[in-house]
Each structure stands twice: as structure tokens, then as C-alpha cells.
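As C-alpha cells, the structure follows; a few thoughts come after it.
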Amino acid sequence: MNAPNLTPVVAEDNRVAKPADTAATTRYIGQSVPRSGARKLLQGRGAYLDDIRVPRLGHVVFVRSPHAHARIVSLNLDAARKQPGIIAAVDGRALAEYCTPWIGVLGHLKGIKSAEQHAIAIDRACWQGEAVAAIVAETRRQAEDALDHVQVEWDVLPAVTDMRASLAGEQVIHPQLGDNICFHRELVTEGFDEAFASADLVLEKTYDFARHTGVTNEPRAILADYNPAEHSITVYHATQAPNMMQDIFSRHLGIPESSVRVVCKDVGGSFGIKVHVYADEMATAALSVMLRRPVKFIADRMESFLTDIHAREHTAKVRIACTKDGDILGFDLDDLTGIGPYSVYPRTSGIEGNQVVNLTGGPYKHKQYRANLDVVFTNKNVTCQYRAVGHPIAVALTEGIVDEAARALKMDPAEFRRRNLIADDAYPYTFPSGLKFEKLSHHQCLDKLLAAMDYDGLRAEQAQLREKGIHRGIGLAAMIEVTNPSPAFYGVGGARISAQDGATIRLDPAGMINVLVSVTEQGQGTEAVFTQIAATAVGVGVDKVRVVTGDTAITPYGGGTWASRGAGIGGEAVLQAGKALKSNILDIAAAILSQDKATLDVRNDQIVDRATGEHKMPLSELGRVAYFRPDTLPMNFQSELTVTRHYTPREYGFTFTNGIQASLVEVDLDTGFVKLLKHWCVEDCGTVINPMLVDEQIRGGIVQGIGAALFEECVYDESGQLQNGTMADYLVPMSAEMPDIEVGHVETPTRTSELGAKGAGEAGTAGAPAAIMNAINDALAPFGANVAAQPFTPQRILRALGKV
């Protein structure tokens, strides 16, 4: 596909730049334009779900199981129903009349299985926090007060909380499934055994990854408003995928899809946790249908810890085979992950482990690979896709064992990587797991990173400081990232999750450009990106563009926000719609001016002479004629000032990005504390549309990766009780702990779209934990100590040093 005439004007040092005012056209792609929606949010004019007010609103709270596994012997709601302000008190059996159950499986994950899940549990609770009844009241306070009057008799059952015990299957959570294995996958390349047998060096190490969760600023929230007169429902939902939820509400509530409207207004962060089907949210919508009135649910913070999806609970053994000269021959992986009692609907809980299998070893040119994956049920909260799904585990496994091999061979870790990274001229390239890479830039990224951090200088300083008793470590982590997924991700497995996105662009009579896009705004700045693309494509200023997202009644059908796809897929749809609208505008201008269309252009809100730049008419005048005086146009001419375009990636299953990160840390050997001194990331996300936004997305992702590496862990005891489900006990990274984060870019545009954009939202999270782990182990190496269990707490570091 030909490259567009969209030469970027990049702001030096990512400072805010003014649009180029040249004889050609205004180009915003590549500029650090301030976010178009930021002013509204800073002035307190955002519209979050709790800001919505509707008449006759009921507030729902849920009776939640205090046990990880228990049978409901009896459930008495009579006393609760008599409390002030109570509208209804409902158990799972009553609600099942209004909402059908679901099973979270995908056809292309061969053999995946799960039990049927209801909006409210009927006979048995399978994790602490699962809802077993709902109370709806005129106020949230009244509903919560009524909880004290609910009487439940429980028969506590044995809880399966250990992944290995679950795999052994002595206690099966869902007897009808036969065992606790949700999904199993094996992969081996021909010649694997011979390669490992002939290797000069084979290293093996086991890594543990703790559960953690998203901790968004705005908790999960939903307001459902059923209209019995029309048998329709409007759902205001803090979700990443409105059209997916529209389909799901339709099928499980028995309402025609065309009568389901999902509205996603401002959202206070998602990070992947708001792209799933939650039982309590389905229950809220079903209660609205049942009670024929609007019902709202907003999770409080303790509910969030118990019920927001968790992620990343893995124990993985990885082996690497090398020659004595430092060539990697192959990787060997055994991964075990626990996902809670159900596979999450509709994306499943098998995807994270599957991604680990696909991505382990990703940046390197070895030919041999074996992988074994077991995804097992446990009596903990469910796990599913969270920012950088599977990538942090795969990158940590790969980069951790790569560092171990370099250390064993007495090779510098940067040079070891340089020797083994896939060459930049080797593409297209097929990885041993079957993934196909279009074009990556590992060596360019490595060179740029080493120069930016002054790698040789840091190594020299490290040696000097060690002599003074100061122990610093330098860690590197190369990475690949899945972005712009095609229908091969979900659609091929039978999930009704769109791989396409659409954009409708309209010129109004005043000369304003209105853009409606199926990608949602979650606080990450997609509206600003679409504004820049539309302004560039049409030829107007960004102040002339208005973007609307997140309303299934008015925006085109599309996939929404997940898997770093917004700019790459939604942005391409906006570009193509903008180009088509510009062509239509020029058709009208040619008719008005009686000139050849080829001699005209749109620049800076004006119709101009393409050759001289002479102004012919403003777009507002063209809009006036097209809308109000079409009688002045030729008889057989019809103005078309609304255009819709869609885009679906097809050539590759995914559009991969790549990059490399580095971390500089200092470890206190007496306390085990890690001080983050500086962090670097060089990333290639194709065409960079807004450098400032991309840099902040990467920095934000790195911060979440720092959380995983050093702080965050959902701690359960043996009985399945969450031990730290409050912000006082669950640690998250704070500003005081954050280092300076320096971001650089290599741009290798994808040729699968005219825009050339890949994703950037998850790269920071993918590589940061591995870089920090390697930096810590680099600092500990002189003492023969090593850590491999995330998060790397002071206690674990002191234990590695033999001090506790």
C-alpha cells in the first residue's frame, strides 16, 4: 500500500509544537499536540458514571460469600426486604429467569473448558467475594444497611488454592468437568531434543509471578435503564468494548441487539480490567429488566480487590541452550497458571498463558522451542487479560534466563543480546512458536538505548562504586509486543468481538469536522490522536475537530479499546474516512468554483489553489452552499459531506512492535531495599502520531511494570482468604519511588496500513519487570545471590542473601 502524504513535523524534545503553516498543508501527525479533552477534565467537567442522574434510580449491593468455597444451605432475605428504602432482595435462582448463564471458552484454544457461570451464584460460591444475592434500595446506604439482615447458612467446602494441588486434581472444583485443567497446550519444534543434547551450556531456572490487579482510579461501574414499553435497555457502562457488551446484553437478557444501547462516557482508567464480563454487572442489567427501572452498581474499593479480575499468577520453569561461543540454540518452557474457578467470559482465561507460550524467546533468532502450558482452576478470584497480557511473564522468563546464560559464559549481557537478537534485515520472519513478524528493529533499538544510557560509562561507574560498598545493578530487557490484532485473535474462536473499527466523519455547515469513532476513550488520549489524524487528513486545524466515542447508538460498529489497537486500527479508519471526506469536499468546491478538482486543495480550513495556495473559499462557505443552497449546484450533482470507513488488519495475525528497556538500581544489602535510580526505554511503535502521548503511555506502562516488580501482590492464605484487599495493605508504586524515565523511539511503520501506526500502550508494562529483575540480580551477582519471585520485596532479597 502506498504511503500517505503525511510527512511528520516532530516537535524537538517532544515540546508542544505549533502546526506547520506552509504552502503545502497543515500536518499534525508526529506533533506533540496537547490532548483535546484535557481542559474539560482539568476543569471538573468530565462525565463519569457516578455523575449520571436518572429518575427512579435503584442502587444495588451484593451479598458476597465470605468463603472461598461453600455450598449455600439456606438463604433468607425476608428481614432484609423489610428494611427502609428496600426495593427488592433477589437470589440467584430468581435472577436466572432474566439472565442466562455463560461459559468462557474459545474454539481455537483446543480443549479449553469451564463451568457454567450465573450472574448470581445459585447453589455454591466458588471464591471469596462471589455474589449470592442482590439488594436494591433507593440509596446505596439503605442497601448496605440491609446486608446486615441477610441470613445465610453455609456448608464450607475444601478450597483449592495451590496451583500444583489443583493440577494434581485430588479435589476437583467442578466435578462435571472431570479435573481442574481449564486449558492445556504443548508445542515442540522438530530437532528440539538434538539441539539441547548438543548444547555446550544448558541452564534451568524457575520463576514465580504474583497475582495483582488493575487498581483503576474509577472503580467498575454500570447503570442499566430498561424501558418496558419498547423492550429496550440503555446501559451506561465504564467499559472498553461497548459493541461487545451490546451483543452480550442482548443475548443473555433476551433483548434484540438493535434495542440495546451501551454508552461509555469518561472512564477513569481501565488497563484491561474493564473489557470483561463481570457477573455483578450482568446482574445489575438483569435487575433493571426484572424491576422495570434503572439500577446502578459501583464497586467499592474492597469489592474491587475481591472481584476485579486478577492476573499474572504463574510458576514457570525455563531452560536455555547455548553454544560456548554464545549462540542461543533454543528455549524450553513449562508454565503453570491459576485462574480462579471460572474462565472469564467471553475472552477466556486461557489467553494469558497462551500468550506466554507464543512470546517466550520472542526477540531472538534461535530455531528450537518446546513449551508446555497448564491453566488450572482454583478457589481464588478469577484472572484474565490485564495490561500487556502475558508479555511481562514471557519477557521476564526470556530475559532472566538470557542474563543467566550471559553470566555463565562470562559475556557482557548487551553483547550477548546483540549476538542473538533477530537481525533487522531478516524480515519477514517466522518465530518457532509460529508467530509471523512483519518488520522489527531490535538492533536499532539496542544501539539507541546503549547510547542514551551511556552503557559503558555506567559499567565503569558500577565497578568503582562496588569498591566503596555501593551495590548498583544494570538490567536490560528486549521485548516484542502484540498490537493491532486481526480476527485471528478472537473472531476465529467464535467470540463476537470485532477486530475492525470504524469512523464516521462529517463536515457541518459551520466548517467543523465531527468524528465518530468506535474506539473508546479510557483516559489514554485516543480522542486527541483521532483529532490529529482527522485534521491532517481533511486539511483543517485541530480546533476545528470534535471527536465522539463510546455510544453504540451513534458511533460505527467496532472492537473498542484493548490490545494496543486504538491508533493502529481506529486511527486508520479515521484516516481513510478523512481522506474520503476531503475528496468529497473538493468535488463540491470544484462544482461551486467551476474548476478542475485536481487544481484545488484543502489547507488550514480553506479551499485553496493547489499550486499557488491562493484562498478560494473557507470551508464554512462551502458548507453553507452544500447544506442550504444546493440549488446553485449543477442539476445532477449531490453533495456528500458524511463519510464512514472501516479498517480490519488481515495480512498478519498481529502487528508486532518491539523495543528494549534498561533499569539502573541500587540495592541496600542490609535492608534489602531497592532504589530505582533511572529507567530507559527505546520502543518502535511504527508511525508516532503524538510523541508526548506515546511517551506518557510508555512511562505509565513502566510504572505499572514497576508495581509488579517491586510492590503489587494479591496475597491469599491457604483457605482462599484475600489478606490485603485494601489500599492500606496492597502496595502500589507512588511518585516518591519513581525514577526518571527516559523514552526514545525508532519508527518502522507497518505496511499493512497507510497510517503505519502500531500500538504503544502496553510496551512499558511488558519490559519493565524483567529489566528491574535483571538489574537487581546484577547488583547481587558478586554475592552469589539471585531473586526470581515477583515482587522482589526486601524480605525476598534478604533471603537470597542468606540474611533472614
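Residues are referred to by chain and number: the chain letter is A, B, ... according to the order shown in the C-alpha cells, the number counts from 1 in that chain, and ligands are numbered separately from 1 in the order shown.
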
Give me, as an mmCIF file with N, CA and C atoms, in the first residue's frame, all polymer residues having an atom no more than 9 Å from A:Ala528, counting only C-alpha atoms and skipping those fewer than 5 positions away in the same chain.
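The resulting file, out.cif, is shown below:
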data_model
loop_
_atom_site.group_PDB
_atom_site.id
_atom_site.type_symbol
_atom_site.label_atom_id
_atom_site.label_comp_id
_atom_site.auth_asym_id
_atom_site.auth_seq_id
_atom_site.Cartn_x
_atom_site.Cartn_y
_atom_site.Cartn_z
ATOM 1 N N VAL A 33 0.813 17.550 20.137
ATOM 2 C CA VAL A 33 -0.332 18.438 20.322
ATOM 3 C C VAL A 33 -0.996 18.116 21.657
ATOM 4 N N PRO A 34 -1.289 19.122 22.488
ATOM 5 C CA PRO A 34 -1.956 18.838 23.770
ATOM 6 C C PRO A 34 -3.277 18.116 23.557
ATOM 7 N N ARG A 35 -3.636 17.259 24.489
ATOM 8 C CA ARG A 35 -4.869 16.481 24.393
ATOM 9 C C ARG A 35 -6.082 17.393 24.301
ATOM 10 N N SER A 36 -6.940 17.098 23.343
ATOM 11 C CA SER A 36 -8.109 17.937 23.116
ATOM 12 C C SER A 36 -9.102 17.886 24.266
ATOM 13 N N GLY A 37 -9.157 16.771 24.997
ATOM 14 C CA GLY A 37 -10.130 16.651 26.076
ATOM 15 C C GLY A 37 -9.594 16.973 27.453
ATOM 16 N N ILE A 533 -5.265 13.010 13.457
ATOM 17 C CA ILE A 533 -5.351 12.284 12.184
ATOM 18 C C ILE A 533 -6.410 12.913 11.289
ATOM 19 N N VAL A 542 -6.710 21.507 14.349
ATOM 20 C CA VAL A 542 -7.255 20.616 15.371
ATOM 21 C C VAL A 542 -8.390 21.277 16.143
ATOM 22 N N VAL A 547 -14.452 15.044 18.466
ATOM 23 C CA VAL A 547 -14.473 13.574 18.429
ATOM 24 C C VAL A 547 -15.497 13.055 19.424
ATOM 25 N N ASN A 690 1.558 11.182 18.126
ATOM 26 C CA ASN A 690 1.739 12.257 19.108
ATOM 27 C C ASN A 690 2.832 11.833 20.068
ATOM 28 N N LEU A 693 2.052 11.987 23.890
ATOM 29 C CA LEU A 693 1.131 10.963 24.371
ATOM 30 C C LEU A 693 1.784 9.584 24.398
#

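Look at A:Phe637: the protein and nucleic acid residues within 10 Å of it, using only C-alpha atoms and passing over chain neighbours fewer than 6 places away, are Asp587, Ile588, Ala591, Pro630 and Asp631 of chain A.
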
Keeping only all heavy atoms, write those residues as an mmCIF file, in the first residue's frame.
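Full text of again12.cif as output:
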data_model
loop_
_atom_site.group_PDB
_atom_site.id
_atom_site.type_symbol
_atom_site.label_atom_id
_atom_site.label_comp_id
_atom_site.auth_asym_id
_atom_site.auth_seq_id
_atom_site.Cartn_x
_atom_site.Cartn_y
_atom_site.Cartn_z
ATOM 1 N N ASP A 587 -14.868 17.838 -4.507
ATOM 2 C CA ASP A 587 -15.891 17.711 -5.555
ATOM 3 C C ASP A 587 -16.864 18.890 -5.501
ATOM 4 O O ASP A 587 -17.219 19.478 -6.535
ATOM 5 C CB ASP A 587 -16.664 16.403 -5.377
ATOM 6 C CG ASP A 587 -15.874 15.184 -5.817
ATOM 7 O OD1 ASP A 587 -14.984 15.328 -6.676
ATOM 8 O OD2 ASP A 587 -16.151 14.081 -5.297
ATOM 9 N N ILE A 588 -17.290 19.239 -4.298
ATOM 10 C CA ILE A 588 -18.237 20.345 -4.139
ATOM 11 C C ILE A 588 -17.571 21.660 -4.507
ATOM 12 O O ILE A 588 -18.159 22.507 -5.202
ATOM 13 C CB ILE A 588 -18.762 20.384 -2.693
ATOM 14 C CG1 ILE A 588 -19.478 19.075 -2.357
ATOM 15 C CG2 ILE A 588 -19.688 21.584 -2.489
ATOM 16 C CD1 ILE A 588 -19.797 18.923 -0.881
ATOM 17 N N ALA A 591 -17.368 22.096 -8.140
ATOM 18 C CA ALA A 591 -18.663 22.459 -8.722
ATOM 19 C C ALA A 591 -19.001 23.924 -8.460
ATOM 20 O O ALA A 591 -19.515 24.629 -9.346
ATOM 21 C CB ALA A 591 -19.741 21.545 -8.137
ATOM 22 N N PRO A 630 -28.141 24.138 -2.212
ATOM 23 C CA PRO A 630 -27.748 23.154 -3.227
ATOM 24 C C PRO A 630 -28.370 23.453 -4.586
ATOM 25 O O PRO A 630 -27.942 22.885 -5.590
ATOM 26 C CB PRO A 630 -28.256 21.834 -2.647
ATOM 27 C CG PRO A 630 -29.372 22.219 -1.734
ATOM 28 C CD PRO A 630 -28.957 23.530 -1.144
ATOM 29 N N ASP A 631 -29.377 24.344 -4.605
ATOM 30 C CA ASP A 631 -29.982 24.711 -5.873
ATOM 31 C C ASP A 631 -29.017 25.447 -6.789
ATOM 32 O O ASP A 631 -29.241 25.549 -7.993
ATOM 33 C CB ASP A 631 -31.218 25.588 -5.637
ATOM 34 C CG ASP A 631 -30.885 26.834 -4.828
ATOM 35 O OD1 ASP A 631 -30.346 26.695 -3.709
ATOM 36 O OD2 ASP A 631 -31.162 27.952 -5.315
#

I'd like the neighbourhood of A:Gly362 as a ChimeraX atom specification, where a residue qualifies if any of its atoms comes within 8 Å (using only C-alpha atoms), though same-chain residues fewer than 3 positions away should be ignored. /A:358-359,398,431,479-480

What's around A:Asn243 at 12 Å? Count only C-alpha atoms, leave out sequence neighbours fewer than 3 positions away in its own chain, and write the answer as number ranges by chain. A: 235, 237, 239-240, 246-250, 257-258, 260-264, 275, 496-502, 517-520, 549-561

Surrounding residues of stretch 611-619 of chain A excluding itself and chain neighbours under 5 positions, 9 Å, only C-alpha atoms, as a PyMOL selection string: chain A and resi 23-24+507+509-512+585+589+593+599-603+605-606+624

Find the spatial neighbours of A:Glu186, counting only C-alpha atoms, within a cut-off of 8 Å - ignore same-chain residues fewer than 3 positions away - and output them as a VMD selection string. chain A and resid 370 to 373

Write out, as a compact mmCIF listing (two decimals), in the first residue's frame, the residues just selected, with C-alpha atoms.
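See again_35.txt below for the written result:
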# COMPACT_ATOMS: atom_id res chain seq x y z
CA ARG A 370 9.42 -26.51 23.41
CA ALA A 371 6.57 -25.33 25.61
CA ASN A 372 4.10 -26.96 27.98
CA LEU A 373 1.23 -24.94 29.48

Residue nearest A:Cys445 among A:Asn658, A:Ser232, A:Thr216, A:Asn786 (counting only C-alpha atoms): A:Asn658

What's the 8 Å shell around A:His231, counting only C-alpha atoms, without same-chain residues fewer than 5 positions away, as a list in words? Tyr226, Ile255 and Ser259 of chain A
